[in-house]
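Raw coords-v4.cif, mmCIF, C-alpha atoms (C1' of nucleotides):
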```
data_query
#
loop_
_atom_site.label_atom_id
_atom_site.label_comp_id
_atom_site.auth_asym_id
_atom_site.auth_seq_id
_atom_site.Cartn_x
_atom_site.Cartn_y
_atom_site.Cartn_z
CA MET H 1 1.21 84.81 -0.75
CA ALA H 2 0.05 82.75 -3.69
CA LEU H 3 2.01 79.78 -4.89
CA SER H 4 3.44 79.92 -8.37
CA LYS H 5 1.57 77.60 -10.70
CA GLU H 6 4.63 75.47 -11.12
CA GLU H 7 4.85 75.03 -7.37
CA LEU H 8 1.11 74.51 -7.13
CA ILE H 9 1.24 71.68 -9.63
CA LYS H 10 4.07 70.02 -7.79
CA GLN H 11 2.40 70.35 -4.41
CA THR H 12 -0.87 69.02 -5.78
CA ALA H 13 0.90 66.07 -7.33
CA LYS H 14 2.54 65.33 -4.00
CA ASP H 15 -0.79 65.59 -2.28
CA LEU H 16 -2.32 63.10 -4.70
CA PHE H 17 0.63 60.71 -4.58
CA PHE H 18 1.72 60.90 -0.95
CA SER H 19 -1.51 61.74 0.88
CA LYS H 20 -4.27 60.26 -1.22
CA GLY H 21 -2.32 57.26 -2.47
CA CYS H 22 -3.05 57.87 -6.16
CA LEU H 23 0.33 56.56 -7.16
CA HIS H 24 -0.34 56.77 -10.89
CA ALA H 25 -2.59 59.76 -11.33
CA THR H 26 -3.04 61.04 -14.88
CA THR H 27 -1.97 64.51 -15.90
CA GLN H 28 -5.63 65.43 -16.22
CA GLU H 29 -6.35 64.32 -12.66
CA ILE H 30 -3.42 66.32 -11.39
CA ALA H 31 -4.43 69.38 -13.38
CA ASP H 32 -8.03 69.15 -12.16
CA ALA H 33 -6.94 68.77 -8.56
CA ALA H 34 -4.70 71.80 -8.93
CA GLY H 35 -7.34 73.78 -10.81
CA VAL H 36 -5.08 74.52 -13.75
CA ASN H 37 -5.09 73.75 -17.44
CA ARG H 38 -3.45 70.45 -18.25
CA SER H 39 -1.12 72.06 -20.77
CA LEU H 40 0.57 73.92 -17.95
CA ILE H 41 2.00 70.65 -16.76
CA ASN H 42 3.73 70.24 -20.09
CA TYR H 43 4.74 73.88 -20.09
CA TYR H 44 6.52 73.62 -16.76
CA PHE H 45 7.63 69.99 -16.71
CA ARG H 46 7.74 69.04 -20.43
CA SER H 47 6.19 65.64 -19.79
CA ARG H 48 4.32 63.59 -17.25
CA ASP H 49 7.37 61.46 -16.74
CA LEU H 50 9.56 64.45 -15.87
CA LEU H 51 7.00 65.69 -13.36
CA PHE H 52 7.10 62.28 -11.71
CA GLN H 53 10.89 62.31 -11.72
CA THR H 54 10.97 65.77 -10.19
CA VAL H 55 8.57 64.78 -7.44
CA TYR H 56 10.58 61.62 -6.86
CA ARG H 57 13.86 63.47 -6.55
CA GLU H 58 12.47 66.06 -4.20
CA ALA H 59 10.89 63.38 -2.03
CA VAL H 60 14.18 61.56 -1.62
CA GLU H 61 15.92 64.84 -0.93
CA SER H 62 13.43 65.93 1.70
CA LEU H 63 13.45 62.48 3.27
CA LYS H 64 17.21 62.63 3.58
CA SER H 65 17.33 66.20 4.83
CA GLN H 66 14.66 65.50 7.42
CA LEU H 67 16.67 62.60 8.72
CA ASP H 68 19.79 64.69 8.68
CA LYS H 69 18.27 67.62 10.50
CA VAL H 70 17.10 65.50 13.40
CA LEU H 71 19.82 62.90 13.61
CA TYR H 72 22.84 65.09 13.14
CA ASP H 73 22.96 67.00 16.36
CA ASN H 74 24.09 66.71 19.93
CA THR H 75 21.03 66.25 22.11
CA PRO H 76 21.32 63.16 24.32
CA PHE H 77 20.38 59.94 22.58
CA LYS H 78 17.10 59.17 24.27
CA GLU H 79 15.84 62.69 23.88
CA LYS H 80 16.93 62.79 20.28
CA LEU H 81 15.00 59.63 19.62
CA GLY H 82 11.88 61.17 21.09
CA ILE H 83 12.23 64.14 18.78
CA PHE H 84 12.91 61.89 15.84
CA ILE H 85 9.80 59.82 16.41
CA ASP H 86 7.77 62.96 16.84
CA VAL H 87 8.98 64.60 13.67
CA TYR H 88 8.87 61.45 11.59
CA MET H 89 5.37 60.47 12.64
CA LYS H 90 4.03 63.94 12.02
CA GLU H 91 5.42 63.74 8.50
CA LEU H 92 4.01 60.24 8.10
CA LEU H 93 0.51 61.36 8.96
CA LYS H 94 0.78 64.12 6.40
CA TYR H 95 2.32 61.90 3.69
CA PRO H 96 1.49 58.28 4.51
CA TYR H 97 2.18 57.02 0.99
CA ARG H 98 5.42 58.81 0.25
CA GLU H 99 7.55 55.70 0.65
CA SER H 100 5.07 53.64 -1.33
CA PHE H 101 5.36 56.13 -4.15
CA LEU H 102 9.12 55.90 -4.08
CA ILE H 103 8.97 52.13 -4.17
CA THR H 104 6.66 51.97 -7.19
CA GLU H 105 8.80 54.50 -9.01
CA ILE H 106 11.93 52.50 -8.33
CA CYS H 107 10.13 49.36 -9.51
CA SER H 108 8.88 51.02 -12.70
CA LYS H 109 10.97 49.84 -15.58
CA ASN H 110 12.36 53.05 -17.01
CA PHE H 111 14.05 53.95 -13.77
CA ALA H 112 17.73 54.65 -13.46
CA LEU H 113 19.21 54.37 -9.98
CA LYS H 114 21.65 57.10 -9.23
CA GLU H 115 23.86 58.51 -6.50
CA LYS H 116 24.95 56.03 -3.89
CA LYS H 117 26.49 58.23 -1.24
CA LYS H 118 25.46 57.14 2.23
CA SER H 119 24.02 59.87 4.38
CA ALA H 120 26.59 61.19 6.82
CA ALA H 121 23.92 61.79 9.43
CA LEU H 122 22.83 58.19 9.20
CA ALA H 123 26.37 56.94 9.68
CA HIS H 124 26.61 59.21 12.71
CA PHE H 125 23.33 57.85 14.07
CA LEU H 126 24.45 54.26 13.56
CA LYS H 127 27.59 55.00 15.54
CA GLU H 128 25.57 56.52 18.34
CA ILE H 129 23.38 53.44 18.44
CA ALA H 130 26.45 51.24 18.68
CA GLU H 131 27.68 53.36 21.58
CA GLU H 132 24.37 53.04 23.41
CA MET H 133 24.59 49.29 22.90
CA GLU H 134 28.04 49.32 24.45
CA LYS H 135 26.73 51.30 27.39
CA GLY H 136 23.95 48.78 27.80
CA THR H 137 21.14 51.27 27.18
CA LEU H 138 20.14 49.31 24.12
CA LYS H 139 20.09 45.60 23.47
CA LYS H 140 23.19 44.62 21.48
CA GLY H 141 22.99 43.72 17.82
CA ASP H 142 23.51 45.14 14.37
CA PRO H 143 22.53 48.82 14.56
CA ILE H 144 20.88 48.48 11.18
CA HIS H 145 18.29 46.22 12.76
CA PHE H 146 17.63 48.88 15.33
CA VAL H 147 16.94 51.35 12.53
CA PHE H 148 14.72 48.84 10.76
CA ASP H 149 12.74 48.27 13.93
CA LEU H 150 12.34 51.93 14.62
CA LEU H 151 11.18 52.85 11.12
CA ALA H 152 8.95 49.80 10.88
CA LEU H 153 7.16 50.46 14.14
CA MET H 154 6.46 54.03 13.11
CA SER H 155 5.63 53.65 9.45
CA PHE H 156 3.87 50.39 8.93
CA PRO H 157 0.61 50.89 10.82
CA VAL H 158 0.25 54.27 9.13
CA ILE H 159 0.92 52.97 5.64
CA MET H 160 -1.53 50.11 6.12
CA THR H 161 -4.31 52.24 7.54
CA PRO H 162 -7.02 51.57 4.94
CA LEU H 163 -6.30 47.85 4.77
CA TYR H 164 -6.06 47.22 8.49
CA GLN H 165 -9.03 49.39 9.28
CA LYS H 166 -10.91 47.04 7.04
CA LEU H 167 -9.38 43.76 8.19
CA LEU H 168 -9.49 44.58 11.88
CA ASP H 169 -12.84 46.32 11.57
CA ILE H 170 -11.75 49.42 13.43
CA SER H 171 -13.38 52.83 13.07
CA LYS H 172 -11.43 55.72 11.61
CA GLU H 173 -11.41 57.52 14.95
CA LYS H 174 -10.28 54.50 16.93
CA TYR H 175 -7.52 53.89 14.41
CA GLN H 176 -6.31 57.45 14.76
CA THR H 177 -6.09 57.24 18.52
CA LEU H 178 -4.22 53.94 18.20
CA ILE H 179 -1.69 55.60 15.93
CA ALA H 180 -1.38 58.56 18.27
CA GLU H 181 -0.62 56.23 21.16
CA ARG H 182 2.28 54.69 19.37
CA LYS H 183 4.89 57.37 19.85
CA GLN H 184 5.07 56.64 23.56
CA LEU H 185 4.79 52.88 23.07
CA ILE H 186 7.62 52.78 20.58
CA LEU H 187 9.93 54.68 22.91
CA GLU H 188 9.12 52.27 25.74
CA LYS H 189 9.49 49.24 23.55
CA ILE H 190 12.84 50.36 22.26
CA PHE H 191 14.32 50.99 25.67
CA ASN H 192 12.44 48.11 27.29
CA MET Y 1 0.42 19.48 -15.18
CA ALA Y 2 -0.15 22.64 -17.16
CA LEU Y 3 -2.05 25.56 -15.73
CA SER Y 4 -5.22 26.59 -17.48
CA LYS Y 5 -4.73 29.85 -19.33
CA GLU Y 6 -7.16 31.57 -17.07
CA GLU Y 7 -5.14 30.53 -14.04
CA LEU Y 8 -1.91 31.36 -15.83
CA ILE Y 9 -3.07 34.90 -16.48
CA LYS Y 10 -4.09 35.36 -12.89
CA GLN Y 11 -0.83 33.96 -11.54
CA THR Y 12 1.20 36.11 -13.90
CA ALA Y 13 -0.74 39.18 -12.86
CA LYS Y 14 -0.04 38.36 -9.24
CA ASP Y 15 3.60 37.87 -10.02
CA LEU Y 16 3.78 41.28 -11.68
CA PHE Y 17 1.79 43.05 -8.98
CA PHE Y 18 2.98 41.32 -5.82
CA SER Y 19 6.52 40.25 -6.67
CA LYS Y 20 7.73 42.77 -9.22
CA GLY Y 21 5.85 45.73 -7.83
CA CYS Y 22 4.24 46.70 -11.15
CA LEU Y 23 1.10 47.86 -9.42
CA HIS Y 24 -0.51 49.20 -12.57
CA ALA Y 25 0.65 46.90 -15.35
CA THR Y 26 -1.21 47.17 -18.65
CA THR Y 27 -3.12 44.24 -20.10
CA GLN Y 28 -0.48 43.98 -22.80
CA GLU Y 29 2.30 43.71 -20.24
CA ILE Y 30 0.39 41.03 -18.38
CA ALA Y 31 -0.33 39.13 -21.57
CA ASP Y 32 3.29 39.32 -22.67
CA ALA Y 33 4.55 38.15 -19.31
CA ALA Y 34 2.11 35.24 -19.44
CA GLY Y 35 2.89 34.49 -23.09
CA VAL Y 36 -0.73 34.68 -24.18
CA ASN Y 37 -2.73 36.81 -26.53
CA ARG Y 38 -4.07 39.93 -24.91
CA SER Y 39 -7.63 39.15 -26.03
CA LEU Y 40 -7.63 36.16 -23.75
CA ILE Y 41 -7.65 38.49 -20.80
CA ASN Y 42 -10.90 39.96 -22.03
CA TYR Y 43 -12.24 36.52 -22.85
CA TYR Y 44 -11.70 35.24 -19.33
CA PHE Y 45 -12.09 38.39 -17.25
CA ARG Y 46 -14.16 40.69 -19.51
CA SER Y 47 -12.09 43.74 -18.62
CA ARG Y 48 -8.84 44.86 -17.08
CA ASP Y 49 -10.74 46.23 -14.13
CA LEU Y 50 -12.41 42.91 -13.39
CA LEU Y 51 -9.06 41.11 -13.53
CA PHE Y 52 -7.74 43.56 -10.98
CA GLN Y 53 -10.81 43.07 -8.81
CA THR Y 54 -10.45 39.31 -9.00
CA VAL Y 55 -6.82 39.44 -8.01
CA TYR Y 56 -7.67 41.85 -5.21
CA ARG Y 57 -10.40 39.64 -3.81
CA GLU Y 58 -8.26 36.54 -3.94
CA ALA Y 59 -5.38 38.33 -2.25
CA VAL Y 60 -7.55 39.42 0.65
CA GLU Y 61 -9.01 35.93 0.87
CA SER Y 62 -5.63 34.22 0.91
CA LEU Y 63 -4.27 36.75 3.38
CA LYS Y 64 -7.14 36.00 5.72
CA SER Y 65 -7.02 32.25 5.30
CA GLN Y 66 -3.26 32.23 5.88
CA LEU Y 67 -3.74 34.11 9.11
CA ASP Y 68 -6.57 31.80 10.08
CA LYS Y 69 -4.71 28.62 9.37
CA VAL Y 70 -1.81 29.56 11.60
CA LEU Y 71 -3.53 31.50 14.33
CA TYR Y 72 -6.51 29.30 14.89
CA ASP Y 73 -5.02 26.27 16.54
CA ASN Y 74 -3.83 25.03 19.85
CA THR Y 75 -0.04 24.98 19.85
CA PRO Y 76 1.42 26.91 22.78
CA PHE Y 77 1.60 30.63 22.24
CA LYS Y 78 5.32 31.10 21.87
CA GLU Y 79 5.65 28.21 19.47
CA LYS Y 80 2.68 29.38 17.48
CA LEU Y 81 4.26 32.77 17.14
CA GLY Y 82 7.42 31.19 15.78
CA ILE Y 83 5.43 29.35 13.16
CA PHE Y 84 3.48 32.45 12.32
CA ILE Y 85 6.59 34.52 11.74
CA ASP Y 86 8.07 31.75 9.66
CA VAL Y 87 5.04 31.34 7.44
CA TYR Y 88 4.36 35.02 7.11
CA MET Y 89 7.91 35.97 6.23
CA LYS Y 90 8.16 33.21 3.67
CA GLU Y 91 5.06 34.60 2.01
CA LEU Y 92 6.43 38.12 2.27
CA LEU Y 93 9.59 37.22 0.44
CA LYS Y 94 7.53 35.67 -2.32
CA TYR Y 95 5.03 38.54 -2.51
CA PRO Y 96 6.66 41.64 -1.00
CA TYR Y 97 4.24 44.06 -2.65
CA ARG Y 98 0.97 42.31 -2.00
CA GLU Y 99 -0.10 44.71 0.71
CA SER Y 100 1.03 47.68 -1.35
CA PHE Y 101 -1.17 46.47 -4.18
CA LEU Y 102 -4.13 46.16 -1.86
CA ILE Y 103 -3.56 49.66 -0.56
CA THR Y 104 -3.40 51.27 -3.99
CA GLU Y 105 -6.52 49.40 -5.05
CA ILE Y 106 -8.39 50.56 -1.98
CA CYS Y 107 -7.21 54.10 -2.66
CA SER Y 108 -8.25 53.99 -6.32
CA LYS Y 109 -11.44 55.92 -6.74
CA ASN Y 110 -13.81 53.35 -8.18
CA PHE Y 111 -13.42 51.08 -5.23
CA ALA Y 112 -16.30 49.84 -3.14
CA LEU Y 113 -15.45 48.58 0.32
CA LYS Y 114 -17.33 45.46 1.23
CA GLU Y 115 -17.72 42.84 3.94
CA LYS Y 116 -16.77 43.96 7.39
CA LYS Y 117 -16.81 40.72 9.35
CA LYS Y 118 -13.84 40.47 11.66
CA SER Y 119 -11.82 37.32 11.30
CA ALA Y 120 -12.66 34.84 14.03
CA ALA Y 121 -9.07 33.62 14.12
CA LEU Y 122 -7.85 37.12 14.72
CA ALA Y 123 -10.26 37.62 17.60
CA HIS Y 124 -9.01 34.36 19.04
CA PHE Y 125 -5.42 35.48 18.64
CA LEU Y 126 -6.12 38.80 20.32
CA LYS Y 127 -7.62 36.96 23.27
CA GLU Y 128 -4.57 34.74 23.51
CA ILE Y 129 -2.33 37.78 23.52
CA ALA Y 130 -4.38 39.30 26.32
CA GLU Y 131 -3.97 36.08 28.30
CA GLU Y 132 -0.22 36.09 27.82
CA MET Y 133 -0.17 39.65 29.04
CA GLU Y 134 -2.08 38.61 32.13
CA LYS Y 135 0.41 35.81 32.70
CA GLY Y 136 3.23 38.31 32.37
CA THR Y 137 4.80 36.64 29.37
CA LEU Y 138 4.11 39.75 27.33
CA LYS Y 139 4.25 43.38 28.29
CA LYS Y 140 0.74 44.66 29.02
CA GLY Y 141 -1.07 46.93 26.64
CA ASP Y 142 -3.68 46.92 23.90
CA PRO Y 143 -3.26 43.61 22.03
CA ILE Y 144 -3.84 45.46 18.79
CA HIS Y 145 -0.56 47.24 19.32
CA PHE Y 146 1.12 43.89 19.73
CA VAL Y 147 -0.27 42.82 16.37
CA PHE Y 148 0.83 46.09 14.80
CA ASP Y 149 4.33 45.64 16.16
CA LEU Y 150 4.57 42.08 14.98
CA LEU Y 151 3.36 42.75 11.45
CA ALA Y 152 5.42 45.92 11.17
CA LEU Y 153 8.66 44.29 12.24
CA MET Y 154 8.17 41.53 9.69
CA SER Y 155 6.77 43.40 6.73
CA PHE Y 156 8.33 46.80 6.62
CA PRO Y 157 11.97 46.03 5.91
CA VAL Y 158 10.85 43.66 3.17
CA ILE Y 159 8.48 46.11 1.55
CA MET Y 160 11.10 48.85 1.60
CA THR Y 161 13.89 46.72 0.18
CA PRO Y 162 14.66 48.70 -2.98
CA LEU Y 163 14.48 52.06 -1.24
CA TYR Y 164 16.49 51.16 1.83
CA GLN Y 165 19.06 49.27 -0.16
CA LYS Y 166 19.61 52.53 -1.95
CA LEU Y 167 19.45 54.87 1.05
CA LEU Y 168 21.57 52.70 3.32
CA ASP Y 169 23.86 51.67 0.49
CA ILE Y 170 23.65 47.97 1.24
CA SER Y 171 24.32 45.21 -1.29
CA LYS Y 172 21.53 42.89 -2.35
CA GLU Y 173 23.20 39.95 -0.62
CA LYS Y 174 23.82 41.80 2.62
CA TYR Y 175 20.23 42.96 2.64
CA GLN Y 176 18.97 39.42 2.20
CA THR Y 177 20.99 38.12 5.11
CA LEU Y 178 19.74 41.01 7.24
CA ILE Y 179 16.17 40.06 6.44
CA ALA Y 180 16.88 36.41 7.14
CA GLU Y 181 18.23 37.31 10.56
CA ARG Y 182 15.06 39.04 11.54
CA LYS Y 183 12.87 36.06 12.33
CA GLN Y 184 14.95 35.26 15.39
CA LEU Y 185 15.40 38.91 16.33
CA ILE Y 186 11.70 39.59 16.23
CA LEU Y 187 10.93 36.67 18.49
CA GLU Y 188 13.51 37.85 20.99
CA LYS Y 189 12.35 41.43 20.82
CA ILE Y 190 8.76 40.47 21.37
CA PHE Y 191 9.42 38.38 24.44
CA ASN Y 192 12.21 40.67 25.68
"C1'" DA S 1 -18.56 12.44 -39.83
"C1'" DC S 2 -21.04 16.27 -38.32
"C1'" DT S 3 -22.52 19.56 -35.02
"C1'" DT S 4 -21.86 22.22 -31.05
"C1'" DT S 5 -19.26 24.25 -27.76
"C1'" DT S 6 -15.13 26.27 -26.11
"C1'" DG S 7 -10.82 28.45 -26.75
"C1'" DT S 8 -7.66 31.47 -29.49
"C1'" DT S 9 -6.19 34.92 -32.67
"C1'" DG S 10 -5.59 39.17 -35.43
"C1'" DA S 11 -7.79 43.13 -37.17
"C1'" DC S 12 -10.32 46.82 -36.11
"C1'" DA S 13 -12.86 50.46 -33.42
"C1'" DA S 14 -13.30 53.17 -29.39
"C1'" DA S 15 -11.61 55.43 -25.61
"C1'" DA S 16 -8.29 57.49 -22.83
"C1'" DT S 17 -4.04 59.78 -22.30
"C1'" DT S 18 -0.35 62.44 -23.66
"C1'" DG S 19 2.20 65.91 -26.25
"C1'" DT S 20 2.34 69.99 -29.51
"C1'" DT S 21 1.16 74.20 -31.49
"C1'" DA S 22 -0.51 78.57 -32.33
"C1'" DA S 23 -3.04 82.08 -30.71
"C1'" DA S 24 -4.84 84.83 -26.77
"C1'" DC S 25 -3.60 87.07 -22.72
"C1'" DA S 26 -1.15 89.59 -19.25
"C1'" DT S 27 2.61 92.36 -17.67
"C1'" DA S 28 6.30 95.19 -17.59
"C1'" DA S 29 10.01 97.42 -20.07
"C1'" DA S 30 11.36 100.44 -23.89
"C1'" DT W 1 1.82 102.85 -27.66
"C1'" DT W 2 4.60 99.51 -28.97
"C1'" DT W 3 7.52 95.72 -28.02
"C1'" DA W 4 9.11 92.01 -25.69
"C1'" DT W 5 8.53 88.33 -22.42
"C1'" DG W 6 6.52 84.98 -20.03
"C1'" DT W 7 2.03 82.65 -19.09
"C1'" DT W 8 -2.34 80.39 -20.20
"C1'" DT W 9 -5.66 78.35 -23.06
"C1'" DA W 10 -8.18 75.58 -26.56
"C1'" DA W 11 -7.79 72.89 -30.48
"C1'" DC W 12 -5.50 69.45 -32.59
"C1'" DA W 13 -2.45 65.38 -33.46
"C1'" DA W 14 -0.13 61.35 -31.92
"C1'" DT W 15 0.19 57.63 -29.06
"C1'" DT W 16 -1.19 54.25 -25.94
"C1'" DT W 17 -4.44 51.34 -24.06
"C1'" DT W 18 -8.59 48.99 -23.97
"C1'" DG W 19 -12.56 46.50 -25.75
"C1'" DT W 20 -15.11 44.06 -29.55
"C1'" DC W 21 -15.82 41.07 -33.24
"C1'" DA W 22 -15.60 37.82 -36.78
"C1'" DA W 23 -12.86 34.17 -38.28
"C1'" DC W 24 -10.49 30.16 -37.25
"C1'" DA W 25 -8.87 26.00 -34.40
"C1'" DA W 26 -9.45 22.53 -31.16
"C1'" DA W 27 -12.12 19.70 -28.33
"C1'" DA W 28 -16.33 17.54 -26.91
"C1'" DG W 29 -20.72 15.64 -27.76
"C1'" DT W 30 -24.04 13.18 -30.82
#
```
Show me, as structure tokens, the structure contained in the file I just sent.
Amino acid sequence: MALSKEELIKQTAKDLFFSKGCLHATTQEIADAAGVNRSLINYYFRSRDLLFQTVYREAVESLKSQLDKVLYDNTPFKEKLGIFIDVYMKELLKYPYRESFLITEICSKNFALKEKKKSAALAHFLKEIAEEMEKGTLKKGDPIHFVFDLLALMSFPVIMTPLYQKLLDISKEKYQTLIAERKQLILEKIFN
Amino acid sequence: MALSKEELIKQTAKDLFFSKGCLHATTQEIADAAGVNRSLINYYFRSRDLLFQTVYREAVESLKSQLDKVLYDNTPFKEKLGIFIDVYMKELLKYPYRESFLITEICSKNFALKEKKKSAALAHFLKEIAEEMEKGTLKKGDPIHFVFDLLALMSFPVIMTPLYQKLLDISKEKYQTLIAERKQLILEKIFN
DNA sequence: ACTTTTGTTGACAAAATTGTTAAACATAAA
DNA sequence: TTTATGTTTAACAATTTTGTCAACAAAAGT
């Protein structure tokens, strides 16, 4: 079934921002990419700024709910981690620049930080990590660092694709296989 | 001694882009931040676009030369790595968004990719890594993955500061100490 | 001192981007 | 068929951003 135009505009904006890295596309560019009249953006979202805010909010939401869905259940830790890496990296390949978009929005001046409630799933995950550290499955330390490491190892090479392809002089195909290899590598590295 | 205005403009632009994360500042914003008349930007750089290109080129250059300076010498591997992490993280804290800027510039449509000569220092470093793997000091694998891991572990938590501070509900101070702890942690993790 | 060059500024013009409005259009209900 | 409702469009207006230019100031050269 066809997407409503409102949804189409939003999805296209996300595609431009998160996939193509056009972090400050104009309304005209978004409208063209969506194949709709630019005025429709104002009709549905009132202003460019509100469209950006909407996309921002939904991105944070979906980021949180993705984390929640995976982290907040009772599969054994190691297995859960495998699933997490799988899910997260699939999403990363679809939306490599989502976090970058969020960062630039937060940095943009007219931005008001809101809600500060820590994700329950995350707290749960941190506790699990601490338990694994107790058991000796994981190297001891602040669980936050474990989370940093995990997210960094997954995200960074994906985010930096165009730059590192250039700097390291690697072909697109080779880079893709490198990324694909990483799921397994990260698991090994983490449980060394 | 006072900076020439041309240099001042460039430095201010870098400060806005790389430190403050204003990846698409207007010429007026740059001029204001530098305390100069906006026309001076056109006088020295002809156009906004050329200023951006200049900053981009210099950032890639300095990124390369920083890597070269550290990687291309004869201190023992482990020690060299310590220095590298030190230097790189110091630079990261000064310019957390430098890589993000490069990425968005590369993604921006009117961008022509140029020079594809691999850094000699990097090649040298990769060979050293391979040797350490032979010796058993490092876990075997594609040395590129080692470089990915290293850069990811350093850069990512810094780049994501504003977002993760928010999501993890961590105070600015706490976050800073976490980052500061990482140099040691990364070394340990790498040589597990 | 005078001329030439370089740097600096404000005013203006041009271009790009956004927001608004009214009219055209479609669709379904009355 | 008319009416009402929501959608879509083009034309226009307003705003923002960029680029140019002539005038002026400062410095350097003769």
* **Neighbours of chain Y in chain W at 12 Å, counting all atoms listed in the file, as a list of chain:residue names** =>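 The contacting residues on chain W are W:DT16, W:DT17, W:DT18, W:DG19, W:DT20, W:DC21.
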* Hey, what comes out of the PyMOL selection byres ((chain Y) within 9 of (chain H)) on this file? Could you write it as a PyMOL selection string? -> chain Y and resi 20-24+60+64+99-100+102-104+106-109+113-119+122+144-145+148-157+159-163+166-169+178+182+185+189+192
Take the residues from that selection and write them out as a PDB file, in the coordinates of the input, keeping C-alpha atoms.
```pdb
ATOM      1  CA  LYS Y  20       7.730  42.770  -9.220  1.00  0.00           C
ATOM      2  CA  GLY Y  21       5.850  45.730  -7.830  1.00  0.00           C
ATOM      3  CA  CYS Y  22       4.240  46.700 -11.150  1.00  0.00           C
ATOM      4  CA  LEU Y  23       1.100  47.860  -9.420  1.00  0.00           C
ATOM      5  CA  HIS Y  24      -0.510  49.200 -12.570  1.00  0.00           C
ATOM      6  CA  VAL Y  60      -7.550  39.420   0.650  1.00  0.00           C
ATOM      7  CA  LYS Y  64      -7.140  36.000   5.720  1.00  0.00           C
ATOM      8  CA  GLU Y  99      -0.100  44.710   0.710  1.00  0.00           C
ATOM      9  CA  SER Y 100       1.030  47.680  -1.350  1.00  0.00           C
ATOM     10  CA  LEU Y 102      -4.130  46.160  -1.860  1.00  0.00           C
ATOM     11  CA  ILE Y 103      -3.560  49.660  -0.560  1.00  0.00           C
ATOM     12  CA  THR Y 104      -3.400  51.270  -3.990  1.00  0.00           C
ATOM     13  CA  ILE Y 106      -8.390  50.560  -1.980  1.00  0.00           C
ATOM     14  CA  CYS Y 107      -7.210  54.100  -2.660  1.00  0.00           C
ATOM     15  CA  SER Y 108      -8.250  53.990  -6.320  1.00  0.00           C
ATOM     16  CA  LYS Y 109     -11.440  55.920  -6.740  1.00  0.00           C
ATOM     17  CA  LEU Y 113     -15.450  48.580   0.320  1.00  0.00           C
ATOM     18  CA  LYS Y 114     -17.330  45.460   1.230  1.00  0.00           C
ATOM     19  CA  GLU Y 115     -17.720  42.840   3.940  1.00  0.00           C
ATOM     20  CA  LYS Y 116     -16.770  43.960   7.390  1.00  0.00           C
ATOM     21  CA  LYS Y 117     -16.810  40.720   9.350  1.00  0.00           C
ATOM     22  CA  LYS Y 118     -13.840  40.470  11.660  1.00  0.00           C
ATOM     23  CA  SER Y 119     -11.820  37.320  11.300  1.00  0.00           C
ATOM     24  CA  LEU Y 122      -7.850  37.120  14.720  1.00  0.00           C
ATOM     25  CA  ILE Y 144      -3.840  45.460  18.790  1.00  0.00           C
ATOM     26  CA  HIS Y 145      -0.560  47.240  19.320  1.00  0.00           C
ATOM     27  CA  PHE Y 148       0.830  46.090  14.800  1.00  0.00           C
ATOM     28  CA  ASP Y 149       4.330  45.640  16.160  1.00  0.00           C
ATOM     29  CA  LEU Y 150       4.570  42.080  14.980  1.00  0.00           C
ATOM     30  CA  LEU Y 151       3.360  42.750  11.450  1.00  0.00           C
ATOM     31  CA  ALA Y 152       5.420  45.920  11.170  1.00  0.00           C
ATOM     32  CA  LEU Y 153       8.660  44.290  12.240  1.00  0.00           C
ATOM     33  CA  MET Y 154       8.170  41.530   9.690  1.00  0.00           C
ATOM     34  CA  SER Y 155       6.770  43.400   6.730  1.00  0.00           C
ATOM     35  CA  PHE Y 156       8.330  46.800   6.620  1.00  0.00           C
ATOM     36  CA  PRO Y 157      11.970  46.030   5.910  1.00  0.00           C
ATOM     37  CA  ILE Y 159       8.480  46.110   1.550  1.00  0.00           C
ATOM     38  CA  MET Y 160      11.100  48.850   1.600  1.00  0.00           C
ATOM     39  CA  THR Y 161      13.890  46.720   0.180  1.00  0.00           C
ATOM     40  CA  PRO Y 162      14.660  48.700  -2.980  1.00  0.00           C
ATOM     41  CA  LEU Y 163      14.480  52.060  -1.240  1.00  0.00           C
ATOM     42  CA  LYS Y 166      19.610  52.530  -1.950  1.00  0.00           C
ATOM     43  CA  LEU Y 167      19.450  54.870   1.050  1.00  0.00           C
ATOM     44  CA  LEU Y 168      21.570  52.700   3.320  1.00  0.00           C
ATOM     45  CA  ASP Y 169      23.860  51.670   0.490  1.00  0.00           C
ATOM     46  CA  LEU Y 178      19.740  41.010   7.240  1.00  0.00           C
ATOM     47  CA  ARG Y 182      15.060  39.040  11.540  1.00  0.00           C
ATOM     48  CA  LEU Y 185      15.400  38.910  16.330  1.00  0.00           C
ATOM     49  CA  LYS Y 189      12.350  41.430  20.820  1.00  0.00           C
ATOM     50  CA  ASN Y 192      12.210  40.670  25.680  1.00  0.00           C
TER      51      ASN Y 192
END
```
* To do: Decode the PyMOL selection byres ((chain S and resi 21-30) around 12) for the given file into explicit residues and return them as a list in words.
  => Ser39 and Tyr43 of chain H; DG19 and DT20 of chain S; DT1, DT2, DT3, DA4, DT5, DG6, DT7, DT8, DT9, DA10, DA11, DC12 and DA13 of chain W
* To do: Report as a list of chain:residue names the residues that result from applying the PyMOL selection byres ((chain Y) within 10 of (chain S)) to the structure here.
  =>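 Answer for the PyMOL selection byres ((chain Y) within 10 of (chain S)): Y:Lys5, Y:Val36, Y:Asn37, Y:Arg38, Y:Ser39, Y:Leu40, Y:Tyr43.
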* Show which residues sit within 9 Å of region 69-82 of chain Y, as a list in words. Count all atoms listed in the file, and ignore same-chain residues fewer than 6 positions away. =>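 Returned residues: Ala120, Ala121, Leu122, His124, Phe125, Glu128, Ile129, Glu132, Lys183, Gln184, Leu187 and Phe191 of chain Y.
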